[in-house]
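start33.cif (mmCIF, C-alpha atoms)
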data_protein
loop_
_atom_site.label_atom_id
_atom_site.label_comp_id
_atom_site.auth_asym_id
_atom_site.auth_seq_id
_atom_site.Cartn_x
_atom_site.Cartn_y
_atom_site.Cartn_z
CA MET A 299 -11.17 15.77 19.51
CA GLY A 300 -9.64 13.30 17.08
CA ARG A 301 -6.29 13.36 15.34
CA LEU A 302 -7.97 13.57 11.93
CA ASP A 303 -10.60 16.20 12.67
CA ASP A 304 -11.23 18.45 9.65
CA ARG A 305 -9.53 15.99 7.28
CA VAL A 306 -11.13 14.10 4.40
CA ALA A 307 -9.75 10.68 3.51
CA VAL A 308 -10.39 8.59 0.40
CA ILE A 309 -9.71 4.89 0.92
CA THR A 310 -9.81 2.45 -1.99
CA GLY A 311 -10.81 -1.17 -1.50
CA ALA A 312 -12.44 -0.12 1.78
CA GLY A 313 -15.44 -2.43 1.68
CA ARG A 314 -13.70 -5.31 3.39
CA GLY A 315 -10.51 -6.37 5.12
CA ILE A 316 -7.66 -3.92 5.56
CA GLY A 317 -9.43 -1.06 3.81
CA ARG A 318 -12.53 -1.37 5.98
CA GLU A 319 -10.44 -1.36 9.16
CA ILE A 320 -8.60 1.76 7.98
CA ALA A 321 -11.87 3.52 7.16
CA LEU A 322 -13.32 2.76 10.59
CA ALA A 323 -10.11 3.75 12.41
CA MET A 324 -9.83 7.06 10.57
CA ALA A 325 -13.50 7.82 11.09
CA LYS A 326 -13.08 7.28 14.83
CA GLU A 327 -10.31 9.89 14.74
CA GLY A 328 -12.67 12.41 13.16
CA ALA A 329 -11.93 12.04 9.44
CA ARG A 330 -14.73 12.25 6.92
CA ILE A 331 -14.42 9.21 4.67
CA VAL A 332 -14.98 8.33 1.03
CA VAL A 333 -15.36 4.55 1.03
CA ASN A 334 -14.37 3.22 -2.38
CA ASP A 335 -14.99 -0.39 -3.33
CA LEU A 336 -16.15 -2.01 -6.55
CA GLY A 337 -17.54 -4.83 -4.41
CA GLY A 338 -16.11 -7.58 -6.57
CA ASN A 339 -14.53 -10.95 -5.93
CA THR A 340 -10.88 -11.41 -5.01
CA ASP A 341 -10.01 -12.02 -8.68
CA GLY A 342 -11.58 -8.71 -9.71
CA SER A 343 -14.78 -10.11 -11.19
CA GLY A 344 -18.26 -8.99 -10.20
CA THR A 345 -19.59 -6.01 -8.29
CA GLY A 346 -21.42 -5.37 -5.04
CA LYS A 347 -22.53 -2.78 -2.50
CA VAL A 348 -20.09 -3.45 0.34
CA ALA A 349 -18.98 0.19 0.28
CA ASP A 350 -22.47 1.21 1.40
CA ASP A 351 -22.27 -1.23 4.30
CA VAL A 352 -19.10 0.43 5.61
CA VAL A 353 -20.62 3.87 5.15
CA ASN A 354 -23.53 2.76 7.31
CA GLU A 355 -21.12 1.44 9.95
CA ILE A 356 -19.30 4.76 10.08
CA ARG A 357 -22.53 6.73 10.31
CA ALA A 358 -23.74 4.45 13.10
CA LEU A 359 -20.59 5.44 15.02
CA GLY A 360 -21.47 9.11 14.55
CA GLY A 361 -19.07 9.71 11.68
CA GLU A 362 -19.48 11.08 8.18
CA ALA A 363 -18.95 8.96 5.08
CA VAL A 364 -20.06 8.48 1.49
CA SER A 365 -19.51 5.63 -0.93
CA ASN A 366 -17.85 5.41 -4.33
CA THR A 367 -18.12 2.19 -6.34
CA GLN A 368 -15.98 3.09 -9.35
CA SER A 369 -13.07 0.97 -10.52
CA VAL A 370 -9.62 2.33 -9.67
CA ALA A 371 -8.19 0.64 -12.75
CA ASP A 372 -9.19 3.44 -15.12
CA VAL A 373 -8.52 7.17 -15.14
CA ALA A 374 -12.20 8.12 -14.93
CA GLY A 375 -12.64 5.99 -11.83
CA GLY A 376 -9.62 7.53 -10.17
CA ALA A 377 -10.83 11.04 -10.95
CA SER A 378 -14.25 10.21 -9.53
CA LEU A 379 -12.71 9.65 -6.09
CA LEU A 380 -11.54 13.25 -5.89
CA GLN A 381 -14.87 14.50 -7.25
CA THR A 382 -16.82 12.46 -4.72
CA ALA A 383 -14.75 13.96 -1.89
CA LEU A 384 -15.21 17.49 -3.21
CA ASP A 385 -18.96 17.07 -3.79
CA ALA A 386 -19.58 15.57 -0.36
CA PHE A 387 -17.07 17.41 1.83
CA GLY A 388 -15.53 20.24 -0.19
CA GLN A 389 -11.94 19.03 0.14
CA MET A 390 -9.55 16.07 0.07
CA ASP A 391 -6.53 15.58 2.33
CA VAL A 392 -5.64 11.88 2.41
CA LEU A 393 -5.51 9.14 -0.23
CA VAL A 394 -5.04 5.50 0.79
CA ASN A 395 -4.40 3.29 -2.25
CA ASN A 396 -5.39 -0.09 -0.84
CA ALA A 397 -7.57 -1.76 -3.51
CA GLY A 398 -6.27 -5.03 -4.90
CA ILE A 399 -7.02 -8.39 -6.47
CA LEU A 400 -5.21 -11.71 -6.79
CA ARG A 401 -4.77 -14.07 -9.73
CA ASP A 402 -1.98 -16.33 -8.53
CA ARG A 403 -0.31 -18.69 -10.99
CA THR A 404 3.23 -19.71 -11.82
CA ILE A 405 4.73 -18.09 -14.90
CA PHE A 406 4.19 -21.39 -16.74
CA LYS A 407 0.41 -21.05 -16.46
CA MET A 408 -0.12 -17.30 -16.14
CA GLU A 409 -2.25 -15.95 -18.96
CA GLU A 410 -1.92 -12.46 -20.36
CA SER A 411 -5.30 -11.59 -18.85
CA ASP A 412 -4.05 -12.62 -15.38
CA TRP A 413 -1.02 -10.37 -15.75
CA ASP A 414 -2.95 -7.40 -17.12
CA ALA A 415 -5.78 -7.55 -14.57
CA VAL A 416 -3.51 -7.57 -11.53
CA LEU A 417 -1.25 -4.78 -12.78
CA ALA A 418 -4.32 -2.75 -13.78
CA VAL A 419 -5.84 -2.74 -10.29
CA HIS A 420 -2.61 -2.45 -8.32
CA LEU A 421 0.00 -0.47 -10.23
CA ARG A 422 -2.21 1.35 -12.74
CA GLY A 423 -4.76 1.88 -9.97
CA HIS A 424 -2.21 3.75 -7.86
CA TYR A 425 -1.53 6.03 -10.83
CA CYS A 426 -5.20 6.56 -11.69
CA CYS A 427 -6.06 7.64 -8.15
CA SER A 428 -2.88 9.56 -7.29
CA ARG A 429 -2.65 11.75 -10.40
CA PRO A 430 -5.95 13.63 -9.90
CA PHE A 431 -5.16 14.13 -6.23
CA ALA A 432 -1.63 15.36 -7.01
CA ASN A 433 -2.98 17.89 -9.51
CA TYR A 434 -5.54 19.06 -6.96
CA ILE A 435 -2.75 19.57 -4.41
CA ARG A 436 -0.71 21.61 -6.88
CA GLU A 437 -3.57 23.66 -8.30
CA GLN A 438 -4.93 24.50 -4.85
CA ASN A 439 -1.46 24.77 -3.28
CA ARG A 440 -2.94 22.52 -0.61
CA THR A 441 -0.30 21.63 1.99
CA GLY A 442 -0.15 18.84 4.54
CA CYS A 443 -1.78 16.17 2.41
CA ARG A 444 -0.95 12.48 2.65
CA ILE A 445 -0.71 9.59 0.18
CA ILE A 446 -0.35 6.10 1.61
CA ASN A 447 0.33 3.32 -0.87
CA PHE A 448 0.26 -0.45 -0.46
CA SER A 449 3.13 -2.67 -1.53
CA SER A 450 3.82 -6.23 -0.32
CA VAL A 451 6.62 -8.57 0.64
CA SER A 452 5.62 -10.48 -2.49
CA GLY A 453 7.19 -7.66 -4.49
CA LEU A 454 9.82 -6.52 -2.02
CA TYR A 455 11.12 -10.04 -1.28
CA GLY A 456 9.45 -12.21 -3.93
CA ASN A 457 6.88 -14.97 -3.54
CA PHE A 458 6.37 -18.16 -5.55
CA GLY A 459 3.39 -18.06 -7.91
CA GLN A 460 2.86 -14.29 -7.75
CA ALA A 461 4.88 -12.83 -10.62
CA ASN A 462 2.04 -10.48 -11.59
CA TYR A 463 1.26 -9.38 -8.03
CA GLY A 464 4.95 -9.12 -7.10
CA ALA A 465 5.77 -7.03 -10.17
CA ALA A 466 2.90 -4.64 -9.38
CA LYS A 467 3.85 -4.33 -5.72
CA ALA A 468 7.53 -3.72 -6.49
CA GLY A 469 6.43 -1.09 -9.00
CA ILE A 470 4.30 0.61 -6.36
CA ALA A 471 7.36 0.99 -4.11
CA GLY A 472 9.22 2.74 -6.92
CA PHE A 473 6.18 4.84 -7.82
CA SER A 474 5.94 5.99 -4.21
CA ARG A 475 9.58 7.11 -4.07
CA VAL A 476 9.10 9.27 -7.16
CA LEU A 477 5.79 10.70 -5.95
CA ALA A 478 7.40 11.64 -2.62
CA LEU A 479 9.97 13.73 -4.50
CA GLU A 480 7.43 15.39 -6.77
CA LEU A 481 5.02 16.38 -3.98
CA ALA A 482 7.60 17.36 -1.35
CA LYS A 483 7.34 21.10 -2.11
CA TYR A 484 3.67 20.98 -1.06
CA GLY A 485 4.39 19.27 2.25
CA CYS A 486 2.61 16.15 1.03
CA THR A 487 4.15 12.95 2.33
CA VAL A 488 4.03 9.69 0.37
CA ASN A 489 4.67 6.49 2.29
CA THR A 490 4.25 2.81 1.57
CA ILE A 491 2.79 0.02 3.66
CA SER A 492 3.87 -3.60 3.42
CA PRO A 493 1.06 -5.38 5.27
CA GLY A 494 0.79 -8.86 6.69
CA ALA A 495 -2.76 -9.79 7.62
CA LEU A 496 -5.31 -12.59 7.42
CA THR A 497 -8.03 -11.40 5.05
CA ARG A 498 -10.36 -12.94 2.47
CA MET A 499 -7.47 -12.61 -0.01
CA THR A 500 -4.84 -14.31 2.13
CA ILE A 501 -6.78 -16.85 4.20
CA PRO A 502 -7.33 -19.16 1.15
CA LEU A 503 -3.57 -19.15 0.51
CA ARG A 504 -3.00 -20.46 4.02
CA GLU A 505 -5.80 -22.99 3.73
CA ASN A 506 -4.39 -24.23 0.41
CA ARG A 507 -1.21 -25.10 2.33
CA GLY A 508 -3.29 -27.26 4.64
CA GLN A 509 -3.29 -24.75 7.51
CA SER A 510 -6.55 -23.94 9.27
CA VAL A 511 -7.47 -20.40 10.31
CA SER A 512 -9.23 -19.92 13.64
CA ASP A 513 -10.89 -16.90 15.20
CA GLN A 514 -7.86 -16.66 17.48
CA ASP A 515 -5.59 -16.49 14.43
CA ILE A 516 -7.61 -13.61 12.99
CA GLU A 517 -7.56 -11.82 16.33
CA ALA A 518 -3.77 -12.13 16.45
CA GLY A 519 -3.10 -11.41 12.79
CA GLY A 520 -6.13 -9.76 11.24
CA PRO A 521 -6.40 -6.52 9.26
CA GLN A 522 -7.05 -4.49 12.41
CA HIS A 523 -3.29 -4.58 13.02
CA ILE A 524 -2.62 -2.55 9.84
CA ALA A 525 -5.04 0.31 10.47
CA PRO A 526 -3.11 2.10 13.27
CA ILE A 527 0.08 2.84 11.31
CA VAL A 528 -1.94 3.99 8.29
CA THR A 529 -4.08 6.25 10.50
CA TRP A 530 -0.96 7.67 12.16
CA LEU A 531 0.66 8.42 8.80
CA ALA A 532 -2.52 10.22 7.72
CA GLY A 533 -2.23 12.69 10.60
CA LEU A 534 -0.26 15.88 11.09
CA GLU A 535 2.15 14.08 13.46
CA SER A 536 3.74 12.36 10.44
CA ALA A 537 4.91 15.61 8.82
CA GLY A 538 8.37 15.20 7.32
CA ILE A 539 8.24 11.40 7.25
CA THR A 540 8.09 10.49 3.59
CA SER A 541 9.31 7.93 1.04
CA GLU A 542 9.48 5.23 3.71
CA ILE A 543 8.23 1.64 3.68
CA PHE A 544 6.59 0.43 6.87
CA HIS A 545 5.83 -3.23 7.49
CA SER A 546 3.00 -4.04 9.85
CA ALA A 547 1.67 -7.44 10.93
CA ARG A 548 0.50 -9.28 14.04
CA GLY A 549 1.17 -6.46 16.48
CA GLY A 550 4.46 -5.45 14.87
CA VAL A 551 5.49 -2.24 13.16
CA SER A 552 8.79 -2.04 11.29
CA ILE A 553 10.66 0.14 8.86
CA MET A 554 12.21 -1.55 5.84
CA GLN A 555 15.45 -1.12 3.96
CA GLN A 556 15.33 0.44 0.52
CA PRO A 557 17.81 0.05 -2.36
CA ARG A 558 21.19 1.58 -1.65
CA VAL A 559 24.72 0.75 -2.78
CA ILE A 560 26.33 -1.43 -0.13
CA LYS A 561 29.83 -1.77 -1.55
CA SER A 562 31.46 -0.73 -4.80
CA PHE A 563 34.70 -0.90 -6.76
CA HIS A 564 35.83 1.59 -9.39
CA LYS A 565 38.36 0.91 -12.11
CA SER A 566 40.18 3.94 -13.50
CA GLY A 567 41.02 4.02 -17.17
CA GLY A 568 39.58 0.93 -18.77
CA VAL A 569 36.73 -1.53 -19.07
CA TRP A 570 36.37 -4.33 -16.57
CA THR A 571 37.76 -7.64 -17.75
CA LEU A 572 35.93 -10.87 -17.07
CA GLU A 573 38.88 -12.09 -15.04
CA GLU A 574 38.67 -9.01 -12.82
CA LEU A 575 34.95 -9.61 -12.36
CA ASP A 576 35.79 -13.19 -11.36
CA ARG A 577 37.53 -11.62 -8.36
CA TYR A 578 35.34 -8.66 -7.45
CA VAL A 579 31.76 -9.85 -8.02
CA PRO A 580 32.03 -12.48 -5.25
CA GLU A 581 33.22 -9.71 -2.92
CA LEU A 582 30.15 -7.63 -3.80
CA VAL A 583 27.87 -10.60 -3.16
CA LYS A 584 29.62 -11.25 0.15
CA ALA A 585 29.03 -7.63 1.19
CA ARG A 586 25.35 -7.99 0.34
CA ARG A 587 25.06 -11.14 2.46
CA GLU A 588 26.78 -9.47 5.40
CA ASN A 589 24.45 -6.49 5.10
CA LEU A 590 21.44 -8.82 5.08
CA GLU A 591 22.71 -10.68 8.14
CA ASN A 592 23.12 -7.39 9.99
CA ALA A 593 19.58 -6.34 9.01
CA GLU A 594 18.26 -9.66 10.31
CA ARG A 595 19.85 -8.88 13.69
CA THR A 596 18.74 -5.25 13.96
CA GLY A 597 15.29 -6.03 12.55
CA LYS A 598 14.28 -8.38 15.35
CA PRO A 599 11.32 -6.84 17.17
CA VAL A 600 11.78 -5.10 20.47
CA GLU A 601 8.96 -6.12 22.80
CA ILE A 602 7.09 -3.24 24.45
#
Show me this structure written as structure tokens.
Amino acid sequence: MGRLDDRVAVITGAGRGIGREIALAMAKEGARIVVNDLGGNTDGSGTGKVADDVVNEIRALGGEAVSNTQSVADVAGGASLLQTALDAFGQMDVLVNNAGILRDRTIFKMEESDWDAVLAVHLRGHYCCSRPFANYIREQNRTGCRIINFSSVSGLYGNFGQANYGAAKAGIAGFSRVLALELAKYGCTVNTISPGALTRMTIPLRENRGQSVSDQDIEAGGPQHIAPIVTWLAGLESAGITSEIFHSARGGVSIMQQPRVIKSFHKSGGVWTLEELDRYVPELVKARRENLENAERTGKPVEI
């Protein structure tokens, strides 16, 4: 018996890297899998049949899987994921929005096409895939479903040369918070993953900094470290845990802060003067720094 017996999971970008590891992990726990992957290059160009390869891997392990090679960047492609699941397995319970591309450039060199392509696959892709599934949940009054979205520290913290990617990933975090509210009445949880892993998308970034990547590095920090938390969130054990951001990398699992007011001042009867802001804004910034320092202390991993 597996934790995901009788559940059907759709995983986007599952032909390689993190998505593939999630598909294999969920299949081992008994889920029937729709493996979605356009099969393109890391910049979004081209197509391929890598989804079929993962389907064959799952079947070789004794699992059930089918492929879907539609783009998540358009509404028709997103709707096809649900239809593929219904045609093959008669239901859908889990959506993992993992598909992504990179077109890294500083804002000085970033073309409109670079901006549009990255936001289309990441942020628009989350919408295109989530909306049909959300409507299916409501129309069928299907409870206990799961949506797991993928953000990144590039959007949550910021990262040089990734304005398009960072904007999309920050948007996904906000999208997830809203979706968690809208689907709560159906017992559907919506959580976000901030992954850190060596994949075909991230290894070149490290190599461009003059750092080599060995097999030992991939063993210690590869995409296999992301799959367990995603698989756990897809199961019934995660009921009630929603609208959270989990960071996972190199054997670590963490929960991340989300925007909240740390300190505030209120002035009764009047508009703030600039001179008053001269005094109080530095106090607000100081409170933010103290909060960050405290988070740095409490966020240090506990070895188990």
- The residue from A:Asp335, A:Asp391, A:Glu601, A:Glu355 with the smallest atom-to-atom distance to Gly311 (chain A), counting only C-alpha atoms, is A:Asp335
- Hits of the PyMOL selection byres ((chain A and resi 484) around 9) in this structure, as a ChimeraX atom specification: /A:435-436,439-443,480-483,485-487
- Using the chain letters and numbers from the file, give me the residues hit by the PyMOL selection byres ((chain A and resi 423) around 9), as a PyMOL selection string. chain A and resi 369-373+376+395+397-398+417-422+424-428
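Closest approach to Asn447 (chain A) among A:Val579, A:Val392, A:Ala461, A:Met324: A:Val392, based on all atoms listed in the file.
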- Item | Nearest to Val528 (chain A), chosen from A:Asn433, A:Asn396, A:Ser474, A:Asn457, with only C-alpha atoms counted in the distances | A:Asn396
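Nearest residue to Val353 (chain A) among A:Ala325, A:Leu582, A:Ala593, A:Leu302 is A:Ala325, counting all atoms listed in the file.
When you apply the PyMOL selection byres ((chain A and resi 548-553) around 8) to this structure, what comes back is Gly494, Ala495, Ala518, Gly519, Gly520, His523, Ile527, Glu542, Ile543, Phe544, His545, Ser546, Ala547, Met554, Gln555, Gly597 and Pro599 of chain A.
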- Have a look at CA of Lys326 (chain A) and CA of Gly360 (chain A) and let me know their distance in Å, one decimal. 8.6 Å
- Task: Determine, counting all atoms listed in the file, every residue of protein, DNA or RNA that lies within 7 Å of (2.2, -5.0, -11.0) in the file coordinates, then give the result as a PyMOL selection string.
- Result: chain A and resi 416-417+420-421+462-467+469
